[in-house]
file work.cif (mmCIF, C-alpha atoms; chains and numbers go by the auth columns)
data_target
loop_
_atom_site.group_PDB
_atom_site.id
_atom_site.type_symbol
_atom_site.label_atom_id
_atom_site.label_comp_id
_atom_site.label_asym_id
_atom_site.label_seq_id
_atom_site.Cartn_x
_atom_site.Cartn_y
_atom_site.Cartn_z
_atom_site.B_iso_or_equiv
_atom_site.auth_seq_id
_atom_site.auth_asym_id
ATOM 1 C CA MET A 1 17.856 19.288 -9.562 0.00 1 A
ATOM 2 C CA VAL A 2 14.302 18.100 -8.866 0.00 2 A
ATOM 3 C CA PRO A 3 13.934 14.329 -8.269 0.00 3 A
ATOM 4 C CA LYS A 4 11.740 12.446 -10.730 0.00 4 A
ATOM 5 C CA SER A 5 8.131 11.690 -9.861 0.00 5 A
ATOM 6 C CA LEU A 6 7.515 8.207 -8.510 0.00 6 A
ATOM 7 C CA ARG A 7 4.531 6.007 -9.350 0.00 7 A
ATOM 8 C CA ILE A 8 3.727 3.363 -6.751 0.00 8 A
ATOM 9 C CA PHE A 9 1.275 0.492 -7.205 0.00 9 A
ATOM 10 C CA VAL A 10 -0.479 0.001 -3.846 0.00 10 A
ATOM 11 C CA LEU A 11 -2.608 -2.987 -2.918 0.00 11 A
ATOM 12 C CA ALA A 12 -3.888 -4.589 0.270 0.00 12 A
ATOM 13 C CA ASP A 13 -5.919 -7.491 1.554 0.00 13 A
ATOM 14 C CA THR A 14 -5.396 -9.712 -1.452 0.00 14 A
ATOM 15 C CA HIS A 15 -6.087 -12.835 0.658 0.00 15 A
ATOM 16 C CA ASP A 16 -4.446 -15.327 -1.743 0.00 16 A
ATOM 17 C CA HIS A 17 -5.743 -13.565 -4.893 0.00 17 A
ATOM 18 C CA LEU A 18 -3.962 -11.054 -7.085 0.00 18 A
ATOM 19 C CA PRO A 19 -5.825 -9.055 -9.750 0.00 19 A
ATOM 20 C CA GLU A 20 -6.222 -10.868 -13.072 0.00 20 A
ATOM 21 C CA ASN A 21 -4.765 -7.873 -14.907 0.00 21 A
ATOM 22 C CA LEU A 22 -1.830 -7.571 -12.488 0.00 22 A
ATOM 23 C CA GLU A 23 0.803 -6.978 -15.155 0.00 23 A
ATOM 24 C CA ALA A 24 -1.189 -4.156 -16.750 0.00 24 A
ATOM 25 C CA LEU A 25 -1.865 -2.527 -13.369 0.00 25 A
ATOM 26 C CA ALA A 26 1.818 -2.625 -12.459 0.00 26 A
ATOM 27 C CA ASP A 27 3.012 -1.444 -15.862 0.00 27 A
ATOM 28 C CA ASP A 28 5.232 1.625 -15.682 0.00 28 A
ATOM 29 C CA VAL A 29 5.392 1.836 -11.861 0.00 29 A
ATOM 30 C CA ASP A 30 8.564 2.461 -9.890 0.00 30 A
ATOM 31 C CA GLU A 31 7.609 0.465 -6.788 0.00 31 A
ATOM 32 C CA ILE A 32 4.965 -1.912 -5.435 0.00 32 A
ATOM 33 C CA TRP A 33 3.663 -1.590 -1.868 0.00 33 A
ATOM 34 C CA HIS A 34 1.476 -4.302 -0.321 0.00 34 A
ATOM 35 C CA LEU A 35 -0.301 -3.334 2.891 0.00 35 A
ATOM 36 C CA GLY A 36 -0.823 -6.768 4.414 0.00 36 A
ATOM 37 C CA ASP A 37 -2.947 -9.896 4.224 0.00 37 A
ATOM 38 C CA LEU A 38 -1.149 -11.169 1.146 0.00 38 A
ATOM 39 C CA CYS A 39 -1.476 -14.594 2.809 0.00 39 A
ATOM 40 C CA ALA A 40 0.249 -16.882 0.273 0.00 40 A
ATOM 41 C CA PRO A 41 4.028 -16.260 0.204 0.00 41 A
ATOM 42 C CA SER A 42 4.034 -17.550 -3.387 0.00 42 A
ATOM 43 C CA LEU A 43 2.137 -14.404 -4.380 0.00 43 A
ATOM 44 C CA LEU A 44 5.054 -12.316 -3.124 0.00 44 A
ATOM 45 C CA VAL A 45 7.249 -14.094 -5.662 0.00 45 A
ATOM 46 C CA ARG A 46 4.758 -13.207 -8.397 0.00 46 A
ATOM 47 C CA LEU A 47 4.812 -9.552 -7.321 0.00 47 A
ATOM 48 C CA GLU A 48 8.607 -9.520 -7.210 0.00 48 A
ATOM 49 C CA ASN A 49 8.772 -11.018 -10.708 0.00 49 A
ATOM 50 C CA LEU A 50 6.967 -7.960 -12.075 0.00 50 A
ATOM 51 C CA GLY A 51 10.268 -6.075 -11.735 0.00 51 A
ATOM 52 C CA PRO A 52 9.787 -3.000 -9.538 0.00 52 A
ATOM 53 C CA PRO A 53 10.958 -3.314 -5.908 0.00 53 A
ATOM 54 C CA VAL A 54 8.269 -4.692 -3.576 0.00 54 A
ATOM 55 C CA THR A 55 7.764 -3.500 -0.014 0.00 55 A
ATOM 56 C CA LEU A 56 5.192 -5.220 2.161 0.00 56 A
ATOM 57 C CA VAL A 57 3.944 -5.319 5.720 0.00 57 A
ATOM 58 C CA ARG A 58 2.441 -8.250 7.586 0.00 58 A
ATOM 59 C CA GLY A 59 -1.303 -8.336 8.074 0.00 59 A
ATOM 60 C CA ASN A 60 -3.325 -10.128 10.720 0.00 60 A
ATOM 61 C CA CYS A 61 -3.928 -13.057 8.322 0.00 61 A
ATOM 62 C CA ASP A 62 -0.272 -13.403 7.277 0.00 62 A
ATOM 63 C CA THR A 63 1.819 -16.121 8.931 0.00 63 A
ATOM 64 C CA GLU A 64 5.278 -15.016 7.769 0.00 64 A
ATOM 65 C CA SER A 65 6.846 -13.696 10.985 0.00 65 A
ATOM 66 C CA ASP A 66 9.792 -12.267 9.009 0.00 66 A
ATOM 67 C CA TRP A 67 7.536 -9.728 7.326 0.00 67 A
ATOM 68 C CA PRO A 68 7.553 -6.382 9.184 0.00 68 A
ATOM 69 C CA LEU A 69 4.465 -4.962 10.857 0.00 69 A
ATOM 70 C CA VAL A 70 5.439 -1.360 10.053 0.00 70 A
ATOM 71 C CA VAL A 71 7.647 0.128 7.341 0.00 71 A
ATOM 72 C CA ASP A 72 8.597 3.808 7.247 0.00 72 A
ATOM 73 C CA LEU A 73 9.806 5.168 3.894 0.00 73 A
ATOM 74 C CA GLU A 74 10.687 8.581 2.578 0.00 74 A
ATOM 75 C CA ARG A 75 10.122 9.341 -1.079 0.00 75 A
ATOM 76 C CA ASN A 76 10.851 12.778 -2.569 0.00 76 A
ATOM 77 C CA GLY A 77 10.699 14.291 0.912 0.00 77 A
ATOM 78 C CA VAL A 78 7.325 12.691 1.757 0.00 78 A
ATOM 79 C CA ARG A 79 7.403 10.548 4.910 0.00 79 A
ATOM 80 C CA CYS A 80 5.216 7.457 4.440 0.00 80 A
ATOM 81 C CA ARG A 81 4.241 4.733 6.872 0.00 81 A
ATOM 82 C CA LEU A 82 2.942 1.361 5.682 0.00 82 A
ATOM 83 C CA VAL A 83 0.867 -0.675 8.167 0.00 83 A
ATOM 84 C CA HIS A 84 -1.948 -3.154 7.928 0.00 84 A
ATOM 85 C CA ILE A 85 -4.180 -2.105 10.816 0.00 85 A
ATOM 86 C CA PRO A 86 -4.643 1.666 10.984 0.00 86 A
ATOM 87 C CA PRO A 87 -3.781 3.389 14.264 0.00 87 A
ATOM 88 C CA ALA A 88 -6.455 5.195 16.261 0.00 88 A
ATOM 89 C CA ARG A 89 -4.451 8.434 16.082 0.00 89 A
ATOM 90 C CA ALA A 90 -2.279 10.045 13.472 0.00 90 A
ATOM 91 C CA PRO A 91 1.398 9.200 14.037 0.00 91 A
ATOM 92 C CA GLU A 92 3.971 11.940 14.540 0.00 92 A
ATOM 93 C CA ASN A 93 6.579 12.748 11.882 0.00 93 A
ATOM 94 C CA ILE A 94 4.591 11.028 9.113 0.00 94 A
ATOM 95 C CA ASP A 95 2.960 12.747 6.127 0.00 95 A
ATOM 96 C CA VAL A 96 1.066 9.789 4.612 0.00 96 A
ATOM 97 C CA LEU A 97 -0.156 6.644 6.360 0.00 97 A
ATOM 98 C CA LEU A 98 -1.135 3.796 4.039 0.00 98 A
ATOM 99 C CA HIS A 99 -3.107 0.893 5.504 0.00 99 A
ATOM 100 C CA GLY A 100 -5.372 -2.010 4.667 0.00 100 A
ATOM 101 C CA HIS A 101 -7.470 -4.198 6.982 0.00 101 A
ATOM 102 C CA THR A 102 -10.833 -2.412 6.780 0.00 102 A
ATOM 103 C CA HIS A 103 -11.612 -3.484 3.177 0.00 103 A
ATOM 104 C CA VAL A 104 -13.001 0.021 2.634 0.00 104 A
ATOM 105 C CA PRO A 105 -11.261 2.723 0.557 0.00 105 A
ATOM 106 C CA ARG A 106 -9.976 5.715 2.480 0.00 106 A
ATOM 107 C CA ASP A 107 -8.624 9.115 1.499 0.00 107 A
ATOM 108 C CA GLU A 108 -8.840 11.468 4.460 0.00 108 A
ATOM 109 C CA ARG A 109 -6.664 13.810 6.442 0.00 109 A
ATOM 110 C CA GLN A 110 -6.449 13.392 10.207 0.00 110 A
ATOM 111 C CA ALA A 111 -4.320 15.734 12.355 0.00 111 A
ATOM 112 C CA GLY A 112 -2.299 16.708 9.279 0.00 112 A
ATOM 113 C CA VAL A 113 -1.611 13.109 8.195 0.00 113 A
ATOM 114 C CA LEU A 114 -3.105 11.767 4.966 0.00 114 A
ATOM 115 C CA PHE A 115 -4.654 8.310 5.587 0.00 115 A
ATOM 116 C CA LEU A 116 -4.978 6.184 2.434 0.00 116 A
ATOM 117 C CA ASN A 117 -6.440 2.709 1.943 0.00 117 A
ATOM 118 C CA PRO A 118 -6.624 1.226 -1.574 0.00 118 A
ATOM 119 C CA CYS A 119 -9.480 -1.076 -0.448 0.00 119 A
ATOM 120 C CA ARG A 120 -9.275 -4.732 -1.351 0.00 120 A
ATOM 121 C CA VAL A 121 -8.723 -6.728 -4.496 0.00 121 A
ATOM 122 C CA THR A 122 -11.385 -9.331 -3.612 0.00 122 A
ATOM 123 C CA ARG A 123 -14.487 -9.128 -1.419 0.00 123 A
ATOM 124 C CA PRO A 124 -14.469 -5.419 -0.479 0.00 124 A
ATOM 125 C CA ASP A 125 -16.780 -4.278 2.317 0.00 125 A
ATOM 126 C CA LYS A 126 -19.666 -1.828 2.643 0.00 126 A
ATOM 127 C CA GLY A 127 -20.517 -1.875 -1.072 0.00 127 A
ATOM 128 C CA SER A 128 -17.083 -0.766 -2.252 0.00 128 A
ATOM 129 C CA PRO A 129 -15.911 -2.187 -5.577 0.00 129 A
ATOM 130 C CA PRO A 130 -12.670 -4.199 -5.700 0.00 130 A
ATOM 131 C CA SER A 131 -9.788 -1.787 -6.125 0.00 131 A
ATOM 132 C CA ILE A 132 -6.092 -1.020 -5.922 0.00 132 A
ATOM 133 C CA GLY A 133 -4.316 2.320 -5.633 0.00 133 A
ATOM 134 C CA THR A 134 -1.753 4.222 -7.619 0.00 134 A
ATOM 135 C CA LEU A 135 0.196 6.707 -5.558 0.00 135 A
ATOM 136 C CA GLU A 136 2.266 9.338 -7.289 0.00 136 A
ATOM 137 C CA ILE A 137 4.795 11.412 -5.384 0.00 137 A
ATOM 138 C CA THR A 138 6.017 14.240 -7.563 0.00 138 A
ATOM 139 C CA GLY A 139 9.576 15.475 -7.571 0.00 139 A
ATOM 140 C CA HIS A 140 8.346 18.437 -5.550 0.00 140 A
ATOM 141 C CA GLY A 141 6.801 16.182 -2.876 0.00 141 A
ATOM 142 C CA LYS A 142 3.165 16.514 -3.915 0.00 142 A
ATOM 143 C CA VAL A 143 1.051 13.394 -3.254 0.00 143 A
ATOM 144 C CA LEU A 144 -1.493 12.308 -5.884 0.00 144 A
ATOM 145 C CA TRP A 145 -3.814 9.357 -5.178 0.00 145 A
#
call {"tool": "encode", "arguments": {"input": "work.cif", "output": "structure tokens"}}
result
Amino acid sequence: MVPKSLRIFVLADTHDHLPENLEALADDVDEIWHLGDLCAPSLLVRLENLGPPVTLVRGNCDTESDWPLVVDLERNGVRCRLVHIPPARAPENIDVLLHGHTHVPRDERQAGVLFLNPCRVTRPDKGSPPSIGTLEITGHGKVLW
């Protein structure tokens, strides 16, 4: 039996601001992943109240020491790593590395690892528009961004 496809709402670098249309963006997703610099812990409560499970990592502007710096997850056979600051090299035993910090969208493969950055909800850099990401991992382990 093939597992069901998963839709994951991915955001980063919200810096005390969530998208105005948050509920619509998170509609019909299975999980929410935040890649750091949420800043206000009260915003985590708002994300959690949307319903789907929330996984987050701590960014360099976050003060909650209980939040992890790195989270490794496996979904439909795809090994994912969530971090805020991207590593200089591709990690071993990871298929997809999701990160924030740069405020610039990213979708590139490095040493066999797919690096993804949804950009930033507010004040993106280098002319990028504000954005979020929707990651789909099919039941067959295909990654769609």
call {"tool": "atom_distance", "arguments": {"input": "work.cif", "atom1": "atom CA of A:Arg7", "atom2": "atom CA of A:Thr134"}}
result
6.8 Å
call {"tool": "resolve_selection", "arguments": {"input": "work.cif", "expression": "the PyMOL selection byres ((chain A and resi 95-106) around 8)", "output": "MDAnalysis selection string"}}
result
chainID A and resid 12:13 35:37 59 78:86 93:94 107:108 112:120 123:126 128
call {"tool": "residues_around", "arguments": {"input": "work.cif", "residues": "A:Lys142", "least_positions_apart": "6", "cutoff": "10 Å", "atoms": "all atoms listed in the file", "output": "list in words"}}
result
Ser5, Asn76, Gly77, Val78 and Glu136 of chain A
call {"tool": "atom_distance", "arguments": {"input": "work.cif", "atom1": "atom CA of A:Arg75", "atom2": "atom CA of A:Trp33"}}
result
12.7 Å
call {"tool": "closest_residue", "arguments": {"input": "work.cif", "among": "A:Glu92, A:Asp72, A:Glu48, A:Asp62", "to": "A:His15", "atoms": "only C-alpha atoms"}}
result
A:Asp62
call {"tool": "atom_distance", "arguments": {"input": "work.cif", "atom1": "atom CA of A:Val54", "atom2": "atom CA of A:Ile32"}}
result
4.7 Å
call {"tool": "resolve_selection", "arguments": {"input": "work.cif", "expression": "the PyMOL selection byres ((chain A and resi 52) around 7)", "output": "list in words"}}
result
Val29, Asp30, Glu31, Ile32, Leu50, Gly51, Pro53 and Val54 of chain A
